[in-house]
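Engineer: Let me begin by handing over the structure; questions about it come next.
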Amino acid sequence: MAFSFMKMFSPKDKVFYSLFEEVAANGHTMALQLAALVAEPDYAKRQNMIKPIEDLEHANDELTHRVFTELGRNFITPFDREDIHFLASALDDIADYIYASAKKIKLYHVNPTDDGIQRLAELIVQSTSEVKAAVAELRDMKNIRRITDSLVRINSIENQADDISDMFIERLFSMEPDAKEIIKKREIYQVLEDVTDKCEDAANVIESIIVKYA
């Protein structure tokens, strides 16, 4: 009798885990596409590489909306409703800022084959990979060490991105004679660095979840 009662009030599907995993995977795919975009020296080819990033950003918007819809439908959730909301928003922000980076590169007609842009794009690939790995482990939380290792690496990557952004902005001011180029590249460095901040925000939410439920 007790078993039947508990079964009735246990989550019957893993919809939230599946949605989070898909959003995180899309974010990592977007990061890979951004890295390919900034490695492409041909302007016309770069323009064609932005659309797939935009499509994934829109897909993640829809998935995030589904998370919020499921919150309204489900009496039982795998962890606090507030944490589900925070994690969905944090993961969506990662995709938003990756897309914003691609848009700024297009808008400003900046040649992104710049060491600073390249290095920041690679750090975004690394950070989104760790976010994806950590989110995948939330489903059963059997390997907390794997989650915490990813969270530590995300924090380290964010610190590296800060340092690289600062270094290349300083270099811009000392070596770039064109004021317009300084403004454009500085803004691109900043939005790229912001992506790693958003990955760290997601990591902080995941840390809060595992502290409560692991």
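Ordering of the structure tokens sets the chain letters (A, B, ...); residue numbers start at 1 within each chain; ligands are numbered from 1 in the order shown.
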Do a neighbour search on range 24-30 of chain A at 7 Å with only C-alpha atoms, toss out local chain neighbours closer than 6 positions, and write the hits as a PyMOL selection string.

Structural biologist: chain A and resi 53+56+91+94-95+98+125+128-129+131-132

Engineer: Could you turn the residues from that selection into a file that holds N, CA and C atoms, as a short mmCIF file (atom, residue, chain, number, x, y, z; two decimals), in the first residue's frame?

Structural biologist:
data_model
loop_
_atom_site.label_atom_id
_atom_site.label_comp_id
_atom_site.auth_asym_id
_atom_site.auth_seq_id
_atom_site.Cartn_x
_atom_site.Cartn_y
_atom_site.Cartn_z
N ILE A 53 23.06 29.31 -36.24
CA ILE A 53 23.15 29.76 -34.85
C ILE A 53 21.83 30.40 -34.43
N LEU A 56 19.13 27.69 -33.84
CA LEU A 56 19.26 27.00 -32.55
C LEU A 56 18.86 27.90 -31.39
N LEU A 91 20.44 28.71 -18.78
CA LEU A 91 20.82 28.00 -20.00
C LEU A 91 20.38 28.77 -21.24
N ILE A 94 22.79 31.61 -22.10
CA ILE A 94 24.01 31.19 -22.81
C ILE A 94 23.77 31.26 -24.31
N ALA A 95 22.66 30.68 -24.75
CA ALA A 95 22.33 30.69 -26.18
C ALA A 95 22.11 32.11 -26.69
N ILE A 98 25.52 33.82 -27.15
CA ILE A 98 26.27 33.29 -28.29
C ILE A 98 25.71 33.89 -29.58
N VAL A 125 33.52 27.28 -26.29
CA VAL A 125 33.32 25.86 -26.63
C VAL A 125 33.60 24.99 -25.41
N THR A 128 30.79 25.60 -22.58
CA THR A 128 29.48 25.01 -22.89
C THR A 128 29.55 23.49 -22.86
N SER A 129 30.72 22.93 -23.18
CA SER A 129 30.89 21.48 -23.08
C SER A 129 30.77 21.02 -21.63
N VAL A 131 29.15 22.68 -19.23
CA VAL A 131 27.75 22.87 -18.83
C VAL A 131 26.92 21.68 -19.29
N LYS A 132 27.12 21.28 -20.53
CA LYS A 132 26.39 20.12 -21.08
C LYS A 132 26.66 18.87 -20.25
#

Engineer: May I have the residues within 12 Å of range 71-88 of chain A as a PyMOL selection string, using only C-alpha atoms and disregarding those fewer than 2 positions away in the same chain?

Structural biologist: chain A and resi 6-24+60-69+90-95+131+134-135+138-141+198-214

Engineer: Distance CA of Ala136 in chain A-CA of Ser101 in chain A, one decimal place?

Structural biologist: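 These two atoms are separated by 25.7 Å.
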
Engineer: When distances are computed from only C-alpha atoms, which of A:Ile169, A:Val110, A:Glu176, A:Ile124 shows the smallest separation from Tyr97 in chain A?

Structural biologist: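 Of A:Ile169, A:Val110, A:Glu176, A:Ile124, the one nearest Tyr97 in chain A, counting only C-alpha atoms, is A:Ile124.
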
Engineer: Might you pull out every residue within 10 Å of Ile183 in chain A, with only C-alpha atoms counted and same-chain residues fewer than 2 positions away left off, and present them as a VMD selection string?

Structural biologist: chain A and resid 108 169 172 to 173 178 to 181 185 to 188

Engineer: Could you dump the residues just selected with N, CA and C atoms as a PDB file, in the first residue's frame?

Structural biologist:
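Contents of the output file out.pdb:
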ATOM      1  N   TYR A 108      28.976  44.578 -37.338  1.00  0.00           N
ATOM      2  CA  TYR A 108      30.117  45.480 -37.358  1.00  0.00           C
ATOM      3  C   TYR A 108      31.094  45.197 -38.494  1.00  0.00           C
ATOM      4  N   ILE A 169      41.751  43.965 -24.952  1.00  0.00           N
ATOM      5  CA  ILE A 169      41.231  45.338 -24.954  1.00  0.00           C
ATOM      6  C   ILE A 169      42.379  46.318 -24.720  1.00  0.00           C
ATOM      7  N   LEU A 172      44.280  46.564 -27.855  1.00  0.00           N
ATOM      8  CA  LEU A 172      43.560  47.381 -28.830  1.00  0.00           C
ATOM      9  C   LEU A 172      43.886  48.863 -28.666  1.00  0.00           C
ATOM     10  N   PHE A 173      43.805  49.323 -27.425  1.00  0.00           N
ATOM     11  CA  PHE A 173      44.029  50.745 -27.165  1.00  0.00           C
ATOM     12  C   PHE A 173      45.470  51.167 -27.446  1.00  0.00           C
ATOM     13  N   ASP A 178      42.597  52.987 -35.419  1.00  0.00           N
ATOM     14  CA  ASP A 178      41.243  53.339 -35.836  1.00  0.00           C
ATOM     15  C   ASP A 178      40.284  53.263 -34.644  1.00  0.00           C
ATOM     16  N   ALA A 179      39.754  54.414 -34.247  1.00  0.00           N
ATOM     17  CA  ALA A 179      38.868  54.474 -33.074  1.00  0.00           C
ATOM     18  C   ALA A 179      37.612  53.620 -33.266  1.00  0.00           C
ATOM     19  N   LYS A 180      37.095  53.575 -34.490  1.00  0.00           N
ATOM     20  CA  LYS A 180      35.903  52.770 -34.744  1.00  0.00           C
ATOM     21  C   LYS A 180      36.189  51.281 -34.534  1.00  0.00           C
ATOM     22  N   GLU A 181      37.348  50.837 -34.968  1.00  0.00           N
ATOM     23  CA  GLU A 181      37.721  49.433 -34.777  1.00  0.00           C
ATOM     24  C   GLU A 181      37.866  49.102 -33.293  1.00  0.00           C
ATOM     25  N   LYS A 185      35.577  46.159 -31.774  1.00  0.00           N
ATOM     26  CA  LYS A 185      36.212  44.946 -31.248  1.00  0.00           C
ATOM     27  C   LYS A 185      36.060  44.848 -29.736  1.00  0.00           C
ATOM     28  N   ARG A 186      36.131  45.979 -29.080  1.00  0.00           N
ATOM     29  CA  ARG A 186      35.961  45.957 -27.625  1.00  0.00           C
ATOM     30  C   ARG A 186      34.592  45.395 -27.271  1.00  0.00           C
ATOM     31  N   GLU A 187      33.556  45.819 -28.005  1.00  0.00           N
ATOM     32  CA  GLU A 187      32.203  45.338 -27.713  1.00  0.00           C
ATOM     33  C   GLU A 187      32.088  43.835 -27.996  1.00  0.00           C
ATOM     34  N   ILE A 188      32.764  43.373 -29.040  1.00  0.00           N
ATOM     35  CA  ILE A 188      32.722  41.945 -29.361  1.00  0.00           C
ATOM     36  C   ILE A 188      33.456  41.135 -28.296  1.00  0.00           C
TER      37      ILE A 188
END

Engineer: Find the residue from A:Ser156, A:Pro177, A:Gln47, A:Phe168 that sits nearest to Gln118 in chain A; use only C-alpha atoms when measuring.

Structural biologist: A:Phe168

Engineer: Which one is closest to Lys106 in chain A: A:Arg153, A:Val195, A:Glu40, A:Ile50? Count only C-alpha atoms.

Structural biologist: A:Ile50

Engineer: Residues near Lys45 in chain A, anyone? I mean within 12 Å using only C-alpha atoms, not counting same-chain ones fewer than 6 positions away, as a ChimeraX atom specification.

Structural biologist: /A:36-39,51,106

Engineer: Emit the selected residues as a PDB file, in the first residue's frame, including C-alpha atoms.

Structural biologist:
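Result saved to out.pdb:
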ATOM      1  CA  ALA A  36      33.797  27.843 -36.902  1.00  0.00           C
ATOM      2  CA  LEU A  37      32.387  31.250 -37.841  1.00  0.00           C
ATOM      3  CA  VAL A  38      35.250  33.211 -36.271  1.00  0.00           C
ATOM      4  CA  ALA A  39      37.770  30.920 -37.954  1.00  0.00           C
ATOM      5  CA  LYS A  51      21.587  31.394 -39.712  1.00  0.00           C
ATOM      6  CA  LYS A 106      27.978  40.448 -38.702  1.00  0.00           C
TER       7      LYS A 106
END

Engineer: Identify which of the residues A:Gln33, A:Gln190, A:Asp42, A:Asp166 lies closest to Glu54 in chain A, counting only C-alpha atoms when measuring atom-to-atom distances.

Structural biologist: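 That would be A:Gln33, the residue with the smallest distance to Glu54 in chain A.
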
Engineer: One decimal, in Å: what's the spacing between CA of Ala133 in chain A and CA of Ile147 in chain A?

Structural biologist: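 Rounded to one decimal, the two atoms are 7.4 Å apart.
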